[in-house]
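Scroll down for the structure; my scribbles are underneath it.
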Amino acid sequence: MTSIPGNAVETLRQTLGQFQAALSVVDDAIAIFSHSNKFLWCNKSFEDFTGTSRMMLLGKNREEWMQQIGLEEDVRCKLEAFLNEEAERQSKDNSFIFSRDHRGIRCTYMVESHYVAYKDDSKSLVFILKNITDKYKALDLQKRADLLEKLSERCPLTALLNRRGLEKRLNYILSEGMKDGLALMFCDVDKFKSINDTYGHDVGDQVLRRISSLLRQSIRGEDFVGRLAGDEFLVCIVNQPRQIESVARSVSSRILNSLAKKYTFNRRNEDFEFEIGMSLGIAFGRDASSVDQLMRNADLAMYQAKSTKSMSYFYDSKLMAKNDVDDFIRQVSDAHFSSGLIPFHLQPIVSVESSEVVGYEVLVRPISSDGVLIPAGEFIGFHEEKGVIESVDRLLVKSLFNQLNLEIISGDRFISINLSAITLCSEKFSSFLLDSIRSSQVSFEHVVIEITETAFARNQSSLRAVVEYLASYGVRIYLDDFGVGQAGLAYLIDLPIHGLKIDSSLFNRSKENDKARSLLSSFVLFSDQLDLDLIVEGVEQELDLIHLHDLHIDWAQGYKLSPPMPQEAFCGSSDFFDRTLCCPLSETLRNPFRLS
Ligand code: C2E
Ligand code: CA
Ligand code: CA
């Protein structure tokens with residue numbers, strides 16, 4: 001290694017000192033960040049502008065220095081947007097902000113950012129706020145108006161086009177007669193609310209920014225991306241009319257592929273790692289006569305993707321509008337309420353070891369007079385949204401105990417009913433439930449109530465009395481979708497909980513992820529020690545059974561064991577079994593479990 005002569009080091013130090021001194025008297029506020037957004041350096045004007053000293057910011061990571069510098073909201077957003085965008089943009093860009101300088105005087109700044117790449121592949125970002133108040137004032141009115149217009153077309157958090165900016169561009173494309181070569185993709189983040197609730201808004205914002213950069217990376221120059229609102233994004237793809245469909249298909253799979261891995265987010269120095277789910281609805285300009293209609297079509301396709309859990313969905317004109325879907329659900333619901341009964345299916349919960357059925361989960365199966373089945377999640381969601389879920393839960397309880405064939409629960413078998421927290425907490429529901437069970441001559445020990453872990457954790461205090469009351473009669477309580485909510489776990493100690501239903505997503509992850517497997521193993525261990533039943537949901541393949549065996553999990557539920565079916569399938573003649581073999585899901589029954 002060659003050493004640098006002492007005088008060269010000294011010269012270098014002096015030059016640097018002079019350089020820094022020169023930058024310190026510049027009016028522009030300058031700050032330099034590392035590629036990972038660590039604070040490296042800033043000049044005096046930046047200190048004035050932010051009201052902090054360089055020494056306090058040096059080496060701090062983004063969250064820390066962001067917290068330390070006092071910036072007005074829109075300046076902060078702009079800076080954040082720049083930092084987020086820089087990694088992809090890799091070039092100089094500028095835009096304007098209006099803020100106060102350190103004396104409190106309203107000024108106009110031009111923001112500039114430069115991306116500097118060094119020979120050793122390290123990179124840094126130079127952020128410059130140029131005070132252009134005088135220049136701005138000298139602009140004529142029209143130019144100022146243009147500038148403001150431009151500013152109002154961007155979302156401050158992600159720097160993507162906002163609704164206004166998107167509509168303007170889409171209108172332009174349609175007015176230029178290019179709609180046949182246009183595809184619009186409506187992207188909606190799955191369970192964004194629960195990300196916000198679980199990890200906090202900081203992480204929520206990071207998720208939105210990560211998505212915006214992934215979407216930007218998935219498109220080419222002519223295409224553009226915008227954020228409509230909240231967790232809704234639009235991707236607009238422009239191409240030859242003949243190719244637009246295949247291009248849209250490849251963009252959508254690029255987006256979904258980029259999401260098919262875990263990303264790390266950070267809050268107060270704690271890392272969180274998770275996958276982001278997204279549903280895409282794709283519509284084409286050729287099927288719409290206005291921007292409004294095009295957006296509606298894409299929204300509709302997205303809604304269809306969500307409700308069929310299919311990740312992406314291409315619009316076709318036969319899709320029902322959300323309003324029509326709501327009307328349809330309302331009609332079917334009204335018909336069930338006036339008949340006083342609602343259909344349900346039963347899905348066996350099976351001991352993998354012995355192939356014996358240990359119980360059945362009851363799943364609501366609303367159906368129209370002409371045989372269209374409404375997915376349970378849609379139906380429940382609709383009534384939850386309208387605030388009338390209790391009436392559905394009551395109708396199901398009534399239908400179940402009116403119609404249940406007692407043969408179903410022979411031996412020690414139980415029936416497991418999904419109930420919403422709202423219903424359980426409502427006055428008089430417990431006595432209605434107990435009366436219904438009693439009148440059907442089912443004994444209380446054969447009844448399990450499933451309540452989701454998240455709902456349980458949220459409503460613990462109001463649920464405590466109810467679950468204790470029900471448990472005192474022998475009714476058991478299972479926590480549903482366990483392992484995906486915010487497990488506080490302490491309630492397992494002092495509340496009467498009798499079982500955990502492990503959500504299929506945790507089970508699926510445990511197949512390839514060591515941490516998920518350890519987590520699941522620890523659930524097995526503590527459920528054993530706390531004497532809780534443990535059921536894994538979503539068992540779909542032969543291999544899943546082996547995985548269950550390895551994890552010492554016996555009770556399971558899933559299409560591999562049996563799909564949900566009408567109760568007749570599980571009692572009496574085996575004829576019904578043969579007949580149900582024509583149902584596509586019932587191929588799983590080629591592996592029948594024992595019924596007695
Ligand atoms: P859940 O309680 O988690 O019910 C399990 C869901 O997973 C059911 O969907 C079931 O059909 C489905 N499933 C069963 N085996 C498999 C499998 O191997 N793979 C996959 N991917 N899915 C499987 P379903 O019947 O559409 O119900 C959806 C949700 O609707 C339920 O989720 C539950 O939260 C709610 N729900 C259903 N019936 C009722 C009800 O009567 N009352 C209330 N309040 N909610 C209900
Ligand atoms: Ca359930
Ligand atoms: Ca579940």
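Every chain in the structure tokens has a letter given in the order shown (A, B, ...), and although residue numbers restart at 1 in each chain, ligands are simply numbered from 1 in the order shown.
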- Contacts of ligand 3, 7 Å or closer, only C-alpha atoms and all ligand atoms, given as number ranges by chain: A: 480-481, 501, 503, 537
- Task: Fewer than 5 positions away in the same chain doesn't count, so skip those; otherwise give me all residues within 6 Å of Arg476 in chain A, counting only C-alpha atoms, as a VMD selection string.
- Result: chain A and resid 448 471 498
Export of the given selection (C-alpha atoms) as a PDB file, in the first residue's frame:
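What landed in out20.pdb:
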ATOM      1  CA  VAL A 448     -67.343 -23.548  19.683  1.00  0.00           C
ATOM      2  CA  ALA A 471     -67.555 -20.524  28.936  1.00  0.00           C
ATOM      3  CA  HIS A 498     -59.906 -23.037  24.352  1.00  0.00           C
TER       4      HIS A 498
END
- Message: As a quick test: using only C-alpha atoms and all ligand atoms, which residues lie no more than 7 Å away from ligand 1? Give them as number ranges by chain.
- Response: A: 362-364, 375-377, 380, 393, 396, 417-420, 480-481, 537-540, 557-560, 563-564
With N, CA, C and O atoms retained, write the just-selected residues as a tab-separated table (two decimals), in the first residue's frame.
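New file result26.tsv:
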chain	number	residue	atom	x	y	z
A	362	VAL	N	-68.89	-23.90	10.67
A	362	VAL	CA	-70.11	-23.51	9.96
A	362	VAL	C	-69.79	-22.27	9.13
A	362	VAL	O	-69.30	-21.28	9.65
A	363	LEU	N	-70.07	-22.34	7.81
A	363	LEU	CA	-69.78	-21.20	6.94
A	363	LEU	C	-71.04	-20.80	6.20
A	363	LEU	O	-71.72	-21.65	5.61
A	364	VAL	N	-71.35	-19.53	6.27
A	364	VAL	CA	-72.60	-19.05	5.67
A	364	VAL	C	-72.51	-19.16	4.14
A	364	VAL	O	-71.45	-18.94	3.56
A	375	PRO	N	-69.92	-15.01	-2.22
A	375	PRO	CA	-68.83	-15.41	-1.32
A	375	PRO	C	-69.09	-14.91	0.11
A	375	PRO	O	-69.54	-13.77	0.30
A	376	ALA	N	-68.81	-15.77	1.09
A	376	ALA	CA	-69.10	-15.44	2.48
A	376	ALA	C	-68.44	-14.13	2.90
A	376	ALA	O	-69.07	-13.29	3.56
A	377	GLY	N	-67.19	-13.94	2.50
A	377	GLY	CA	-66.46	-12.73	2.88
A	377	GLY	C	-67.16	-11.47	2.38
A	377	GLY	O	-67.28	-10.48	3.10
A	380	ILE	N	-70.52	-11.01	4.41
A	380	ILE	CA	-70.26	-10.54	5.78
A	380	ILE	C	-69.75	-9.09	5.73
A	380	ILE	O	-70.21	-8.23	6.47
A	393	ASP	N	-75.59	-12.66	11.94
A	393	ASP	CA	-75.11	-13.68	12.87
A	393	ASP	C	-76.29	-14.37	13.59
A	393	ASP	O	-76.29	-15.58	13.76
A	396	LEU	N	-77.98	-16.72	11.17
A	396	LEU	CA	-77.21	-17.95	10.97
A	396	LEU	C	-77.36	-18.88	12.18
A	396	LEU	O	-77.57	-20.08	12.02
A	417	ILE	N	-68.76	-21.93	15.23
A	417	ILE	CA	-69.52	-20.84	14.58
A	417	ILE	C	-68.70	-19.56	14.57
A	417	ILE	O	-68.16	-19.16	15.61
A	418	ASN	N	-68.63	-18.90	13.42
A	418	ASN	CA	-67.95	-17.60	13.34
A	418	ASN	C	-68.88	-16.50	13.84
A	418	ASN	O	-70.01	-16.40	13.36
A	419	LEU	N	-68.40	-15.70	14.77
A	419	LEU	CA	-69.23	-14.57	15.21
A	419	LEU	C	-68.38	-13.31	15.25
A	419	LEU	O	-67.20	-13.36	15.59
A	420	SER	N	-69.01	-12.21	14.90
A	420	SER	CA	-68.25	-10.96	14.95
A	420	SER	C	-68.24	-10.43	16.38
A	420	SER	O	-69.13	-10.76	17.19
A	480	ASP	N	-59.65	-17.18	15.92
A	480	ASP	CA	-59.56	-17.46	14.49
A	480	ASP	C	-58.46	-16.61	13.85
A	480	ASP	O	-58.09	-15.56	14.39
A	481	ASP	N	-57.97	-17.06	12.71
A	481	ASP	CA	-56.95	-16.33	11.95
A	481	ASP	C	-55.79	-15.96	12.88
A	481	ASP	O	-55.25	-14.85	12.83
A	537	GLU	N	-55.36	-23.99	9.36
A	537	GLU	CA	-56.31	-23.82	8.25
A	537	GLU	C	-55.56	-23.78	6.92
A	537	GLU	O	-54.37	-23.52	6.87
A	538	GLY	N	-56.30	-24.01	5.85
A	538	GLY	CA	-55.74	-23.84	4.50
A	538	GLY	C	-54.84	-25.00	4.07
A	538	GLY	O	-53.89	-24.79	3.33
A	539	VAL	N	-55.14	-26.20	4.55
A	539	VAL	CA	-54.34	-27.36	4.14
A	539	VAL	C	-54.82	-27.79	2.76
A	539	VAL	O	-55.94	-28.26	2.60
A	540	GLU	N	-53.99	-27.58	1.76
A	540	GLU	CA	-54.46	-27.77	0.38
A	540	GLU	C	-53.76	-28.88	-0.37
A	540	GLU	O	-54.23	-29.33	-1.40
A	557	GLN	N	-57.66	-28.25	8.76
A	557	GLN	CA	-58.86	-27.95	7.98
A	557	GLN	C	-58.38	-27.44	6.63
A	557	GLN	O	-57.38	-26.73	6.55
A	558	GLY	N	-59.05	-27.80	5.57
A	558	GLY	CA	-58.62	-27.29	4.26
A	558	GLY	C	-59.15	-28.14	3.13
A	558	GLY	O	-59.66	-29.25	3.35
A	559	TYR	N	-59.03	-27.61	1.91
A	559	TYR	CA	-59.58	-28.29	0.74
A	559	TYR	C	-59.00	-29.69	0.55
A	559	TYR	O	-59.65	-30.57	0.01
A	560	LYS	N	-57.76	-29.88	1.01
A	560	LYS	CA	-57.15	-31.20	0.84
A	560	LYS	C	-57.92	-32.25	1.64
A	560	LYS	O	-58.00	-33.42	1.26
A	563	PRO	N	-63.64	-29.77	1.23
A	563	PRO	CA	-64.17	-28.41	1.09
A	563	PRO	C	-65.40	-28.28	1.98
A	563	PRO	O	-65.92	-29.30	2.45
A	564	PRO	N	-65.87	-27.06	2.23
A	564	PRO	CA	-67.14	-26.92	2.94
A	564	PRO	C	-68.26	-27.48	2.06
A	564	PRO	O	-68.23	-27.29	0.85
- Find the residues around Ser505 in chain A up to 12 Å (only C-alpha atoms counted), leave out those fewer than 2 positions away in its own chain, and share them as a VMD selection string. chain A and resid 274 to 275 277 481 to 485 501 to 503 507 to 513 516 to 517 520 536 to 539
- Item | CA of Ser472 in chain A to CA of Pro496 in chain A, distance in Å rounded to a single decimal | 9.1 Å
- Which of range 224-281 of chain A counts as strand (DSSP E) under DSSP, as a ChimeraX atom specification please? /A:224-229,232-238,262-267,270-275,278-281
Could you list, as a PDB file with N, CA and C atoms, in the first residue's frame, every residue within 12 Å of Ser122 in chain A, counting only C-alpha atoms and ignoring same-chain residues fewer than 4 positions away?
ATOM      1  N   PHE A  33     -26.552  13.742   1.689  1.00  0.00           N
ATOM      2  CA  PHE A  33     -26.972  12.510   2.354  1.00  0.00           C
ATOM      3  C   PHE A  33     -26.313  11.321   1.677  1.00  0.00           C
ATOM      4  N   SER A  34     -26.108  10.279   2.464  1.00  0.00           N
ATOM      5  CA  SER A  34     -25.558   9.057   1.856  1.00  0.00           C
ATOM      6  C   SER A  34     -26.685   8.361   1.108  1.00  0.00           C
ATOM      7  N   HIS A  35     -26.322   7.324   0.364  1.00  0.00           N
ATOM      8  CA  HIS A  35     -27.339   6.624  -0.407  1.00  0.00           C
ATOM      9  C   HIS A  35     -28.418   6.032   0.490  1.00  0.00           C
ATOM     10  N   SER A  36     -28.000   5.656   1.723  1.00  0.00           N
ATOM     11  CA  SER A  36     -29.014   5.121   2.640  1.00  0.00           C
ATOM     12  C   SER A  36     -29.668   6.237   3.454  1.00  0.00           C
ATOM     13  N   TYR A 115     -27.657  13.490  -7.897  1.00  0.00           N
ATOM     14  CA  TYR A 115     -27.312  12.146  -7.483  1.00  0.00           C
ATOM     15  C   TYR A 115     -25.861  11.942  -7.885  1.00  0.00           C
ATOM     16  N   VAL A 116     -24.990  11.716  -6.901  1.00  0.00           N
ATOM     17  CA  VAL A 116     -23.573  11.593  -7.233  1.00  0.00           C
ATOM     18  C   VAL A 116     -23.118  10.151  -7.037  1.00  0.00           C
ATOM     19  N   ALA A 117     -22.574   9.550  -8.095  1.00  0.00           N
ATOM     20  CA  ALA A 117     -22.088   8.176  -7.977  1.00  0.00           C
ATOM     21  C   ALA A 117     -20.563   8.197  -7.989  1.00  0.00           C
ATOM     22  N   TYR A 118     -19.933   7.496  -7.058  1.00  0.00           N
ATOM     23  CA  TYR A 118     -18.472   7.459  -6.992  1.00  0.00           C
ATOM     24  C   TYR A 118     -17.942   6.182  -7.631  1.00  0.00           C
TER      25      TYR A 118
END
- Item | Among listed residues A:Ile497, A:Ile415, A:Leu530, A:Val397, nearest ligand 2 (using only C-alpha atoms and all ligand atoms) |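 Checking each of A:Ile497, A:Ile415, A:Leu530, A:Val397 against ligand 2, counting only C-alpha atoms and all ligand atoms, the winner is A:Ile415.
One distance worth recording is that between CA of Ile374 in chain A and CA of Ile342 in chain A, which is 12.0 Å.
Each of A:Phe314, A:Phe284, A:Tyr136, A:Phe382 was compared to Lys179 in chain A using only C-alpha atoms, and A:Phe284 turns out to be the nearest.
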- Message: Set the distance at 6 Å and use only C-alpha atoms: which residues neighbour range 160-166 of chain A once local chain neighbours fewer than 2 positions away are removed? I'd like the list as a list in words.
- Response: Glu153, Arg154, Cys155, Thr158, Lys168, Arg169, Gly226, Arg227 and Leu228 of chain A
Please produce an output containing C-alpha atoms for each residue in the selection, written as a JSON list (two decimals), in the first residue's frame.
[["chain", "number", "residue", "atom", "x", "y", "z"],
["A", 153, "GLU", "CA", -50.56, 17.81, -9.58],
["A", 154, "ARG", "CA", -48.24, 15.85, -7.30],
["A", 155, "CYS", "CA", -48.78, 13.85, -4.18],
["A", 158, "THR", "CA", -44.68, 9.89, -2.95],
["A", 168, "LYS", "CA", -55.29, 15.69, -16.78],
["A", 169, "ARG", "CA", -52.94, 13.28, -18.54],
["A", 226, "GLY", "CA", -50.09, 8.16, -9.84],
["A", 227, "ARG", "CA", -51.56, 7.89, -6.38],
["A", 228, "LEU", "CA", -55.30, 8.38, -6.37]]
- What's the 12 Å shell around range 253-262 of chain A, counting only C-alpha atoms, without same-chain residues fewer than 6 positions away, as a PyMOL selection string? chain A and resi 185-190+207+210-220+235+246-247+271-280+282+310-313+509+513
- Task: With a distance cut-off of 9 Å and only C-alpha atoms, select the neighbouring residues of range 421-435 of chain A, excluding the residue or stretch itself and same-chain residues fewer than 2 positions from it, and output the selection as a list in words.
- Result: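 Neighbouring residues, sequence-local ones excluded: Ile389, Glu390, Ser391, Asp393, Arg394, Val397, Lys398, Leu419, Ile437, Arg438, Ser439, Ser440, Phe444, Ile451, Thr452, Ala455, Phe456, Asn459, Ser462, Leu463, Ala465, Val466, Val467, Tyr469, Leu470, Tyr473 and Val475 of chain A.
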- Apply DSSP to the structure's backbone, then extract all residues of range 257-381 of chain A labelled alpha helix (DSSP H) and return them as a ChimeraX atom specification. /A:257-259,291-307,322-339,376-381
- Considering only C-alpha atoms, state which residue in the set A:Asp326, A:Ser443, A:Ile553, A:Leu341 is at the smallest distance from Glu385 in chain A.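 Among A:Asp326, A:Ser443, A:Ile553, A:Leu341, it is A:Asp326 that comes nearest to Glu385 in chain A.
CA of Val251 in chain A to CA of Asp299 in chain A spans 17.4 Å [interatomic distance, one decimal].
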